[in-house]
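Undergrad: See my_file24.cif below, with mmCIF, C-alpha atoms and all ligand atoms.
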```
data_upload
#
loop_
_atom_site.label_atom_id
_atom_site.label_comp_id
_atom_site.auth_asym_id
_atom_site.auth_seq_id
_atom_site.Cartn_x
_atom_site.Cartn_y
_atom_site.Cartn_z
CA MET V 2 104.33 201.86 83.53
CA SER V 3 106.63 201.35 86.51
CA GLU V 4 107.86 197.99 87.70
CA LEU V 5 109.30 197.85 91.17
CA SER V 6 110.34 195.17 93.53
CA ASP V 7 109.07 195.95 97.01
CA GLY V 8 110.12 193.98 100.07
CA PRO V 9 109.94 190.22 100.60
CA GLY V 10 108.16 188.14 97.96
CA ALA V 11 108.94 190.56 95.12
CA GLU V 12 105.90 191.90 93.37
CA THR V 13 105.21 193.85 90.25
CA ILE V 14 103.45 197.09 90.83
CA VAL V 15 101.64 198.45 87.85
CA SER V 16 100.41 201.97 88.27
CA GLU V 17 99.25 202.92 84.79
CA ASN V 18 95.59 203.42 83.97
CA ALA V 19 94.93 204.44 87.56
CA PRO V 20 91.22 204.42 88.27
CA THR V 21 89.66 207.84 88.62
CA GLU V 22 88.81 209.29 92.02
CA LEU V 23 85.24 208.06 91.68
CA LEU V 24 86.34 204.46 91.40
CA ARG V 25 88.34 204.41 94.61
CA ARG V 26 86.69 201.80 96.77
CA SER V 27 86.44 201.72 100.53
CA LEU V 28 88.80 199.20 102.12
CA LEU V 29 86.42 199.11 105.08
CA SER V 30 84.05 196.76 103.30
CA PHE V 31 86.53 193.91 102.73
CA GLU V 32 86.45 190.87 104.98
CA PRO V 33 89.90 189.21 105.40
CA ASP V 34 89.40 186.66 102.60
CA ALA V 35 88.12 189.27 100.19
CA LEU V 36 91.08 191.52 100.97
CA GLU V 37 93.48 188.69 100.19
CA ALA V 38 91.69 188.00 96.91
CA GLU V 39 91.91 191.69 96.07
CA MET V 40 95.67 191.76 96.69
CA ILE V 41 96.13 188.67 94.53
CA ALA V 42 94.05 190.26 91.77
CA LEU V 43 96.45 193.20 91.88
CA GLY V 44 99.39 190.83 91.43
CA LEU V 45 100.53 191.26 95.03
CA PRO V 46 101.48 188.52 97.50
CA LYS V 47 98.90 187.46 100.07
CA PHE V 48 100.83 188.81 103.04
CA ARG V 49 100.10 192.34 101.83
CA ALA V 50 96.50 191.81 102.90
CA ARG V 51 97.63 191.00 106.45
CA GLN V 52 99.82 194.08 106.61
CA LEU V 53 97.09 196.31 105.27
CA TRP V 54 94.54 194.79 107.64
CA GLY V 55 96.76 195.56 110.61
CA TRP V 56 97.19 199.21 109.59
CA VAL V 57 93.49 199.73 108.99
CA TRP V 58 91.87 197.71 111.76
CA ARG V 59 94.53 197.54 114.48
CA HIS V 60 96.14 200.95 114.12
CA GLY V 61 93.33 203.02 112.61
CA VAL V 62 95.64 204.52 109.97
CA THR V 63 93.78 206.57 107.37
CA ASP V 64 96.65 207.66 105.14
CA PHE V 65 98.45 205.08 103.01
CA SER V 66 101.69 207.02 103.32
CA ASP V 67 101.71 206.15 107.05
CA MET V 68 101.74 202.41 106.28
CA THR V 69 105.48 202.32 106.62
CA ASP V 70 106.21 198.70 105.72
CA LEU V 71 104.42 198.90 102.39
CA GLY V 72 106.97 200.95 100.48
CA LYS V 73 106.23 204.07 98.49
CA PRO V 74 105.21 202.51 95.15
CA LEU V 75 102.74 200.18 96.82
CA GLN V 76 101.38 203.00 98.98
CA ALA V 77 100.79 205.00 95.80
CA LEU V 78 99.09 202.11 94.03
CA LEU V 79 96.76 201.42 96.96
CA SER V 80 95.84 205.05 97.43
CA GLU V 81 94.89 205.29 93.76
CA ARG V 82 92.46 202.43 94.15
CA PHE V 83 91.19 202.50 97.71
CA HIS V 84 90.36 204.78 100.59
CA VAL V 85 89.69 204.22 104.30
CA ASP V 86 87.54 207.29 104.85
CA ARG V 87 85.17 207.46 107.79
CA PRO V 88 81.75 209.08 107.51
CA ALA V 89 81.96 212.87 107.93
CA VAL V 90 80.73 214.32 111.22
CA SER V 91 77.97 216.92 110.70
CA ARG V 92 77.65 217.51 114.40
CA ARG V 93 79.01 216.13 117.66
CA GLN V 94 77.06 216.60 120.87
CA ASP V 95 78.44 215.81 124.31
CA SER V 96 76.00 215.11 127.11
CA SER V 97 76.81 216.18 130.65
CA ASP V 98 76.81 212.46 131.56
CA GLY V 99 79.60 211.59 129.09
CA THR V 100 77.32 210.28 126.34
CA ILE V 101 78.42 211.46 122.90
CA LYS V 102 76.20 211.61 119.85
CA TRP V 103 77.54 212.03 116.33
CA LEU V 104 75.33 213.03 113.45
CA ILE V 105 77.20 211.52 110.54
CA LYS V 106 77.03 212.47 106.89
CA LEU V 107 77.48 209.74 104.30
CA SER V 108 78.95 210.14 100.83
CA ASP V 109 75.50 210.65 99.23
CA GLY V 110 74.59 213.34 101.77
CA GLN V 111 72.29 211.09 103.84
CA GLU V 112 72.59 211.34 107.60
CA ALA V 113 72.52 208.83 110.44
CA GLU V 114 73.34 208.79 114.13
CA THR V 115 75.85 206.98 116.31
CA VAL V 116 75.88 207.22 120.11
CA TYR V 117 78.64 206.40 122.62
CA ILE V 118 77.59 205.59 126.17
CA PRO V 119 80.38 205.25 128.78
CA ASP V 120 79.45 203.21 131.82
CA ASP V 121 81.57 202.09 134.70
CA GLY V 122 84.76 201.05 132.92
CA ARG V 123 83.10 199.99 129.71
CA GLY V 124 81.91 201.99 126.73
CA THR V 125 79.09 200.99 124.44
CA LEU V 126 78.65 202.26 120.92
CA CYS V 127 75.09 202.25 119.60
CA ILE V 128 75.23 202.05 115.82
CA SER V 129 72.68 202.48 113.03
CA SER V 130 72.08 199.87 110.33
CA GLN V 131 69.68 201.72 108.02
CA ILE V 132 68.63 205.27 107.25
CA GLY V 133 65.05 205.30 108.46
CA CYS V 134 63.16 202.02 108.84
CA THR V 135 60.61 200.12 106.73
CA LEU V 136 58.77 199.10 109.87
CA THR V 137 56.35 201.44 111.54
CA CYS V 138 56.31 200.68 115.25
CA SER V 139 53.81 203.21 116.52
CA PHE V 140 55.89 204.41 119.49
CA CYS V 141 59.19 204.86 117.62
CA HIS V 142 60.45 208.11 116.16
CA THR V 143 62.62 206.36 113.58
CA GLY V 144 59.52 204.48 112.43
CA THR V 145 57.94 207.75 111.29
CA GLN V 146 60.78 208.25 108.82
CA ARG V 147 60.46 206.17 105.66
CA LEU V 148 63.35 203.89 104.76
CA VAL V 149 65.85 205.77 102.70
CA ARG V 150 68.34 202.96 102.30
CA ASN V 151 70.43 200.29 103.94
CA LEU V 152 73.82 201.31 105.26
CA SER V 153 76.72 199.61 103.46
CA VAL V 154 79.37 197.48 105.18
CA ASP V 155 81.88 200.32 105.16
CA GLU V 156 79.29 202.74 106.56
CA ILE V 157 78.47 200.35 109.41
CA CYS V 158 82.17 199.72 110.15
CA GLY V 159 82.91 203.41 109.58
CA GLN V 160 80.75 204.37 112.59
CA ILE V 161 82.97 202.22 114.82
CA LEU V 162 86.24 203.55 113.37
CA LEU V 163 85.00 207.11 113.62
CA ALA V 164 84.15 206.65 117.29
CA MET V 165 87.56 205.05 117.97
CA ASP V 166 89.28 207.98 116.22
CA GLU V 167 87.38 210.47 118.34
CA LEU V 168 87.87 208.51 121.56
CA GLY V 169 91.63 208.17 120.99
CA ASP V 170 91.29 204.39 120.92
CA TRP V 171 94.22 203.41 118.67
CA PRO V 172 95.93 201.03 118.63
CA ALA V 173 92.92 198.81 119.21
CA THR V 174 94.91 196.80 121.78
CA ARG V 175 95.69 199.81 123.95
CA PRO V 176 95.01 199.28 127.67
CA GLY V 177 91.92 201.12 128.87
CA ARG V 178 90.37 201.34 125.43
CA ARG V 179 87.13 203.30 125.69
CA LEU V 180 85.02 201.46 123.11
CA THR V 181 84.43 197.96 124.45
CA ASN V 182 80.86 197.00 123.46
CA ILE V 183 78.60 197.47 120.46
CA VAL V 184 74.81 197.48 120.27
CA LEU V 185 72.86 197.49 117.02
CA MET V 186 70.10 199.63 118.48
CA GLY V 187 70.37 202.83 116.47
CA MET V 188 68.29 203.68 113.43
CA GLY V 189 66.86 200.82 111.40
CA GLU V 190 66.06 197.13 111.62
CA PRO V 191 69.43 195.31 111.46
CA LEU V 192 67.91 192.02 110.35
CA TYR V 193 66.44 193.72 107.26
CA ASN V 194 70.01 194.58 106.27
CA TYR V 195 71.33 191.22 107.35
CA ASP V 196 74.08 190.57 104.80
CA TYR V 197 75.81 193.91 105.30
CA VAL V 198 75.36 193.86 109.08
CA ALA V 199 76.76 190.31 109.28
CA SER V 200 79.76 191.17 107.14
CA ALA V 201 80.48 194.29 109.20
CA MET V 202 80.26 192.31 112.45
CA ARG V 203 82.65 189.65 111.14
CA ILE V 204 85.15 192.41 110.36
CA ILE V 205 84.72 194.03 113.77
CA MET V 206 85.00 190.69 115.59
CA SER V 207 88.34 189.81 113.94
CA ASN V 208 91.03 189.34 116.56
CA GLU V 209 93.65 190.84 114.29
CA GLY V 210 91.71 194.07 114.18
CA VAL V 211 89.25 195.85 116.42
CA GLY V 212 88.48 192.54 118.14
CA VAL V 213 85.10 193.17 119.76
CA SER V 214 83.99 189.66 120.70
CA LYS V 215 80.52 188.31 119.97
CA ARG V 216 79.82 188.42 123.70
CA ARG V 217 80.21 192.18 123.59
CA ILE V 218 77.92 192.74 120.63
CA THR V 219 74.13 192.90 120.98
CA LEU V 220 71.76 192.98 118.05
CA SER V 221 68.27 194.32 118.71
CA THR V 222 65.41 193.27 116.46
CA SER V 223 61.69 193.83 116.30
CA GLY V 224 61.40 190.10 115.58
CA ILE V 225 62.32 189.13 112.01
CA VAL V 226 61.99 185.44 112.80
CA PRO V 227 63.86 183.71 109.92
CA GLU V 228 66.88 185.98 110.31
CA ILE V 229 67.06 185.52 114.09
CA THR V 230 68.10 181.90 113.75
CA ARG V 231 70.47 182.72 110.91
CA CYS V 232 72.08 185.42 113.02
CA GLY V 233 72.54 183.02 115.94
CA ASN V 234 74.12 180.37 113.74
CA ASP V 235 76.36 182.69 111.69
CA LEU V 236 77.41 185.31 114.21
CA GLY V 237 76.45 184.14 117.70
CA VAL V 238 76.08 187.71 118.96
CA ASN V 239 73.81 188.56 121.91
CA LEU V 240 70.18 188.99 121.04
CA ALA V 241 67.73 191.66 122.20
CA ILE V 242 64.08 191.47 121.22
CA SER V 243 61.79 194.49 121.07
CA LEU V 244 58.83 192.80 122.70
CA HIS V 245 56.72 195.67 124.09
CA ALA V 246 53.48 193.69 124.28
CA VAL V 247 52.47 190.23 125.45
CA ARG V 248 49.22 189.87 123.48
CA ASP V 249 49.14 189.54 119.70
CA GLU V 250 46.32 192.03 119.34
CA LEU V 251 48.28 194.79 121.07
CA ARG V 252 51.65 193.84 119.58
CA ASN V 253 50.10 194.00 116.09
CA THR V 254 49.60 197.72 116.74
CA LEU V 255 52.79 198.55 118.60
CA VAL V 256 55.16 196.38 116.55
CA PRO V 257 53.28 195.68 113.29
CA ILE V 258 55.76 193.03 112.08
CA ASN V 259 53.92 190.89 114.67
CA ARG V 260 51.21 190.36 112.04
CA LYS V 261 53.75 188.43 110.04
CA TYR V 262 55.64 186.74 112.88
CA ASN V 263 53.33 186.42 115.87
CA LEU V 264 54.28 186.04 119.52
CA LYS V 265 54.23 182.26 119.56
CA THR V 266 56.51 182.01 116.52
CA LEU V 267 58.82 184.65 117.98
CA ILE V 268 59.04 183.06 121.43
CA ASP V 269 59.63 179.58 119.98
CA THR V 270 62.41 180.96 117.77
CA VAL V 271 64.10 182.79 120.64
CA ARG V 272 63.83 179.73 122.88
CA ALA V 273 65.90 177.86 120.26
CA TYR V 274 68.47 180.68 119.78
CA PRO V 275 71.90 179.00 119.55
CA GLY V 276 74.09 179.39 122.62
CA LEU V 277 71.52 180.71 125.10
CA SER V 278 72.42 179.86 128.69
CA ASN V 279 72.32 181.51 132.09
CA ALA V 280 75.60 183.17 131.21
CA ARG V 281 74.25 184.33 127.84
CA ARG V 282 70.71 185.56 128.14
CA VAL V 283 68.38 187.13 125.66
CA THR V 284 67.29 190.68 126.51
CA TRP V 285 63.59 191.51 126.24
CA GLU V 286 63.02 195.20 125.64
CA TYR V 287 59.73 196.48 126.95
CA VAL V 288 58.82 200.14 126.55
CA MET V 289 56.50 201.41 129.28
CA ILE V 290 53.62 203.32 127.70
CA ASP V 291 50.97 204.89 129.90
CA GLY V 292 47.69 202.94 129.86
CA VAL V 293 48.73 200.85 126.85
CA ASN V 294 50.95 197.94 127.97
CA ASP V 295 51.79 198.74 131.58
CA SER V 296 49.15 196.93 133.67
CA GLU V 297 49.96 194.42 136.41
CA ALA V 298 48.23 191.77 134.29
CA ASP V 299 50.68 192.60 131.47
CA ALA V 300 53.60 192.16 133.88
CA ARG V 301 52.35 188.75 134.98
CA ALA V 302 51.74 187.69 131.38
CA LEU V 303 55.26 188.84 130.49
CA VAL V 304 56.98 186.60 133.03
CA ARG V 305 54.75 183.67 132.02
CA LEU V 306 55.51 184.20 128.35
CA ILE V 307 59.28 184.06 128.68
CA SER V 308 59.48 181.50 131.45
CA GLY V 309 62.16 178.89 130.87
CA ILE V 310 64.17 181.12 128.52
CA PRO V 311 67.43 182.50 129.98
CA SER V 312 66.41 186.16 129.98
CA LYS V 313 67.05 189.72 131.04
CA ILE V 314 64.24 192.24 130.95
CA ASN V 315 64.81 195.89 130.08
CA LEU V 316 61.94 198.12 131.08
CA ILE V 317 62.40 201.30 129.05
CA PRO V 318 60.30 204.29 130.00
CA PHE V 319 58.76 205.59 126.80
CA ASN V 320 60.85 208.41 125.35
CA PRO V 321 58.58 211.12 123.94
CA TRP V 322 58.97 212.78 120.56
CA PRO V 323 56.96 215.54 118.83
CA GLY V 324 53.73 214.33 117.31
CA THR V 325 53.27 211.21 119.42
CA ASP V 326 50.10 210.66 121.45
CA TYR V 327 51.77 208.16 123.76
CA LYS V 328 52.94 209.11 127.23
CA CYS V 329 55.41 207.45 129.50
CA SER V 330 53.95 205.35 132.33
CA ASN V 331 54.14 207.08 135.71
CA ASP V 332 56.70 206.10 138.34
CA GLU V 333 54.21 204.22 140.48
CA THR V 334 53.04 202.07 137.57
CA ILE V 335 56.60 201.30 136.50
CA ASP V 336 57.37 200.40 140.10
CA LYS V 337 54.45 197.99 140.37
CA PHE V 338 55.32 196.41 137.03
CA ALA V 339 58.98 196.04 138.03
CA LYS V 340 58.03 194.45 141.37
CA ILE V 341 56.08 191.69 139.65
CA VAL V 342 59.01 191.07 137.31
CA MET V 343 61.40 191.02 140.29
CA LYS V 344 59.22 188.62 142.23
CA ALA V 345 59.55 186.22 139.33
CA GLY V 346 63.31 186.17 139.96
CA TYR V 347 64.61 189.24 138.19
CA ALA V 348 66.80 191.84 139.92
CA SER V 349 66.24 195.47 139.09
CA PRO V 350 69.25 197.78 138.93
CA VAL V 351 67.91 201.07 137.68
CA ARG V 352 70.05 202.52 134.94
CA THR V 353 70.90 206.21 135.21
CA PRO V 354 69.29 208.12 132.33
CA ARG V 355 71.84 208.56 129.55
CA GLY V 356 72.20 211.30 126.98
CA ARG V 357 68.79 212.79 127.73
CA ASP V 358 70.04 216.34 127.16
CA ILE V 359 71.28 215.56 123.64
CA LEU V 360 68.39 213.39 122.47
CA ALA V 361 70.40 210.21 122.29
CA ALA V 362 67.91 207.95 124.08
CA CYS V 363 66.18 204.87 122.65
CA GLY V 364 63.75 205.55 119.86
CA GLN V 365 64.65 209.21 119.53
CA LEU V 366 67.17 208.85 116.76
CA LYS V 367 66.10 210.38 113.52
CA SER V 368 67.91 212.20 110.73
CA ASP V 369 68.39 215.90 111.04
CA SER V 370 65.27 216.73 109.01
CA VAL V 371 63.18 216.31 112.14
CA ARG V 372 64.77 217.39 115.38
CA LEU V 373 63.51 217.70 118.90
CA ARG V 374 64.26 220.70 121.06
CA ALA V 375 66.11 220.11 124.30
CA SER V 376 63.11 221.51 126.16
CA GLN V 377 61.01 218.66 124.84
CA MET V 378 63.24 216.25 126.61
CA ALA V 379 62.11 217.12 130.11
CA ALA V 380 60.02 213.97 130.49
CA VAL V 381 62.61 211.54 129.28
CA ARG V 382 63.68 208.92 131.76
CA ASP V 383 65.37 205.60 131.39
CA ALA V 384 65.41 202.48 133.55
CA GLU V 385 66.50 198.94 133.29
CA VAL V 386 65.46 195.75 135.02
CA VAL V 387 67.97 192.98 134.68
CA HIS V 388 67.43 189.35 135.58
CA SER V 389 69.74 188.39 138.43
N1 LIG V 401 64.88 198.11 114.94
C1 LIG V 401 65.47 197.47 116.04
C2 LIG V 401 66.62 198.24 116.67
C3 LIG V 401 66.47 199.72 116.82
S1 LIG V 401 65.31 200.32 118.00
C4 LIG V 401 64.43 197.14 117.08
O1 LIG V 401 63.30 197.58 116.95
O2 LIG V 401 64.75 196.39 118.00
C5 LIG V 401 66.16 200.18 119.56
C6 LIG V 401 65.20 200.03 120.77
O3 LIG V 401 64.55 201.27 121.09
C7 LIG V 401 64.07 199.04 120.48
O4 LIG V 401 63.84 198.20 121.58
C8 LIG V 401 62.90 199.97 120.31
O5 LIG V 401 61.72 199.27 120.49
C9 LIG V 401 63.18 201.02 121.33
N2 LIG V 401 62.40 202.24 121.15
C10 LIG V 401 61.94 202.75 120.00
N3 LIG V 401 61.24 203.91 120.23
C11 LIG V 401 61.26 204.13 121.55
C12 LIG V 401 60.76 205.16 122.39
N4 LIG V 401 60.10 206.20 121.89
N5 LIG V 401 60.98 205.07 123.72
C13 LIG V 401 61.71 204.04 124.24
N6 LIG V 401 62.23 203.04 123.49
C14 LIG V 401 62.00 203.07 122.17
FE1 LIG V 402 62.14 200.25 113.12
FE2 LIG V 402 63.00 199.31 115.52
FE3 LIG V 402 61.79 201.71 115.33
FE4 LIG V 402 60.35 199.49 114.99
S1 LIG V 402 61.42 200.13 116.90
S2 LIG V 402 60.27 201.35 113.70
S3 LIG V 402 61.84 198.18 113.95
S4 LIG V 402 63.75 201.16 114.42
#
```
What's the structure tokens form of this structure?
TA:
Amino acid sequence: MSELSDGPGAETIVSENAPTELLRRSLLSFEPDALEAEMIALGLPKFRARQLWGWVWRHGVTDFSDMTDLGKPLQALLSERFHVDRPAVSRRQDSSDGTIKWLIKLSDGQEAETVYIPDDGRGTLCISSQIGCTLTCSFCHTGTQRLVRNLSVDEICGQILLAMDELGDWPATRPGRRLTNIVLMGMGEPLYNYDYVASAMRIIMSNEGVGVSKRRITLSTSGIVPEITRCGNDLGVNLAISLHAVRDELRNTLVPINRKYNLKTLIDTVRAYPGLSNARRVTWEYVMIDGVNDSEADARALVRLISGIPSKINLIPFNPWPGTDYKCSNDETIDKFAKIVMKAGYASPVRTPRGRDILAACGQLKSDSVRLRASQMAAVRDAEVVHS
């Protein structure tokens, strides 16, 4: 046993019976209060948690020996018990448009994807919340992969730290930081992994750390009604809803969770989402599928359905994947649909297609077991209609 006084508020550092390698826990899953409690449980003063937090979340330090104000004995103790490892990168792909996609490998060998999309001074990271998805939306590639498991808090946070490492974004306060926004639009249904997603977002929103504000975080859901309200109350992040159909009969097929939470329930819940205003609108995602949901009558029904709710509308041309029978609507149909939406008071900046050459577009994310070839990407386009 060694007993050492280390810095202000002398503490006893006990380093016998060090846990084995397998028991080292990830520090990335501790919220500030839990980290304090952990320090106290180790017989350390509370302020150690603040110091550690700063090294991990403000400076992105991964090696305890670089945490210079902790002193060597404390560094040794912490590194015996904890780690701050990021997920491993199996592959990084850079698109010609600046989009970057990482295939990440988790400690149990499972894989997930994270995508960085730079855009006009801001940079958005699209993160995954699950491996696979329990839901089976008929147009979504991820939906064809069964749920393997939820991602843990440290795996969700780890995607953000990994991207900041690779983008050279430390310290988190550096001017011109490249990662500014986060969207939960990767693999999985975030509201079916609510507790871990919420904890990870609280960590990421902390002003003493990475400090991405709730206004710069958007959570996309297929419509898990009870969790939508909870998310608004607890986290207050921006909300995006995968709508895709304006009639229950059709939405039951495209987004089968609609059988449980139908359109009326969903719309009523979104209407009451805490904090919605003209400055903070909900985004309605609507994938354009040829001959399925893209008629002019659908467009008119869409604007009627959401009327009175502060909204943006994202029209997303369907992104094809091997084995699907759906096709993307043609340009003329998308145009007509967009015009009706615009006439109802929505502007329509068309978003440049992003990451099409590396398969990083909406709904194309899937673990490495099933991959598309670049040649299959020829038809992929992307557009966005945003309420003015
Ligand atoms: N599970 C959540 C978040 C992940 S999906 C959700 O469903 O909202 C992210 C977005 O991509 C959703 O709007 C989804 O409907 C859309 N999407 C899925 N497959 C697509 C495809 N093949 N083409 C275009 N968008 C797709
Ligand atoms: Fe799951 Fe979202 Fe894909 Fe539906 S669209 S299968 S909810 S990832």
Undergrad: Box for ligand LIG 402 (chain V): with edges along x, y and z, all listed atoms inside and 3 Å added on each side, what are the centre and edge lengths in Å to one decimal, as lines of an AutoDock Vina configuration file?
TA:
```
center_x = 62.0
center_y = 199.9
center_z = 115.0
size_x = 9.5
size_y = 9.5
size_z = 9.8
```
Undergrad: Quick one: distance from atom CA of Pro321 of chain V to atom CA of Ile290 of chain V in Å, one decimal?
TA: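 Straight-line distance from atom CA of Pro321 of chain V to atom CA of Ile290 of chain V works out to 10.0 Å.
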Undergrad: Name all residues at most 6 Å from Phe319 of chain V (count all atoms listed in the file; drop same-chain ones fewer than 2 positions away) and give them as a PyMOL selection string.
TA: chain V and resi 288-290+329
Undergrad: What does the distance between atom CA of Ile229 of chain V and atom CA of Arg282 of chain V come to in Å, to one decimal place?
TA: 14.5 Å
Undergrad: What are the nearest atom pairs, with distances in Å to one decimal, for all residues of chain V that come at most 6 Å from ligand LIG 401 (chain V), using all atoms listed in the file, set out by chain and rising residue number as a tab-separated table?
TA:
```
residue	atom	partner	partner_atom	distance
V:Phe140	CA	V:LIG401	N4	5.2
V:Cys141	CA	V:LIG401	N3	3.5
V:His142	CA	V:LIG401	N3	5.9
V:Met186	CA	V:LIG401	C3	4.0
V:Gly187	CA	V:LIG401	C3	5.0
V:Met188	CA	V:LIG401	C3	5.5
V:Gly189	CA	V:LIG401	N1	4.9
V:Glu190	CA	V:LIG401	N1	3.7
V:Ser221	CA	V:LIG401	O2	4.1
V:Thr222	CA	V:LIG401	O2	3.5
V:Ser223	CA	V:LIG401	O1	4.1
V:Ile242	CA	V:LIG401	O2	5.9
V:Ser243	CA	V:LIG401	O4	4.3
V:Glu286	CA	V:LIG401	O4	5.1
V:Val288	CA	V:LIG401	C13	5.4
V:Ile317	CA	V:LIG401	C13	5.6
V:Pro318	CA	V:LIG401	C13	5.9
V:Phe319	CA	V:LIG401	N5	3.8
V:Asn320	CA	V:LIG401	N5	3.7
V:Pro321	CA	V:LIG401	N4	5.5
V:Cys363	CA	V:LIG401	O3	4.2
V:Gly364	CA	V:LIG401	N3	3.0
V:Gln365	CA	V:LIG401	N4	5.9
```
Undergrad: Using all atoms listed in the file, which protein or nucleic acid residues come within 6 Å of segment 94-107 of chain V? Drop anything in the same chain fewer than 3 positions from it, and give the result as a compact mmCIF listing (two decimals) with C-alpha atoms, in the coordinates of the input.
TA:
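Contents of around16.txt, freshly written:
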```txt
# COMPACT_ATOMS: atom_id res chain seq x y z
CA PRO V 88 81.75 209.08 107.51
CA ALA V 89 81.96 212.87 107.93
CA VAL V 90 80.73 214.32 111.22
CA SER V 91 77.97 216.92 110.70
CA GLY V 110 74.59 213.34 101.77
CA GLN V 111 72.29 211.09 103.84
CA GLU V 112 72.59 211.34 107.60
CA ALA V 113 72.52 208.83 110.44
CA GLU V 114 73.34 208.79 114.13
CA THR V 115 75.85 206.98 116.31
CA VAL V 116 75.88 207.22 120.11
CA TYR V 117 78.64 206.40 122.62
CA ILE V 118 77.59 205.59 126.17
CA GLY V 356 72.20 211.30 126.98
CA ILE V 359 71.28 215.56 123.64
```
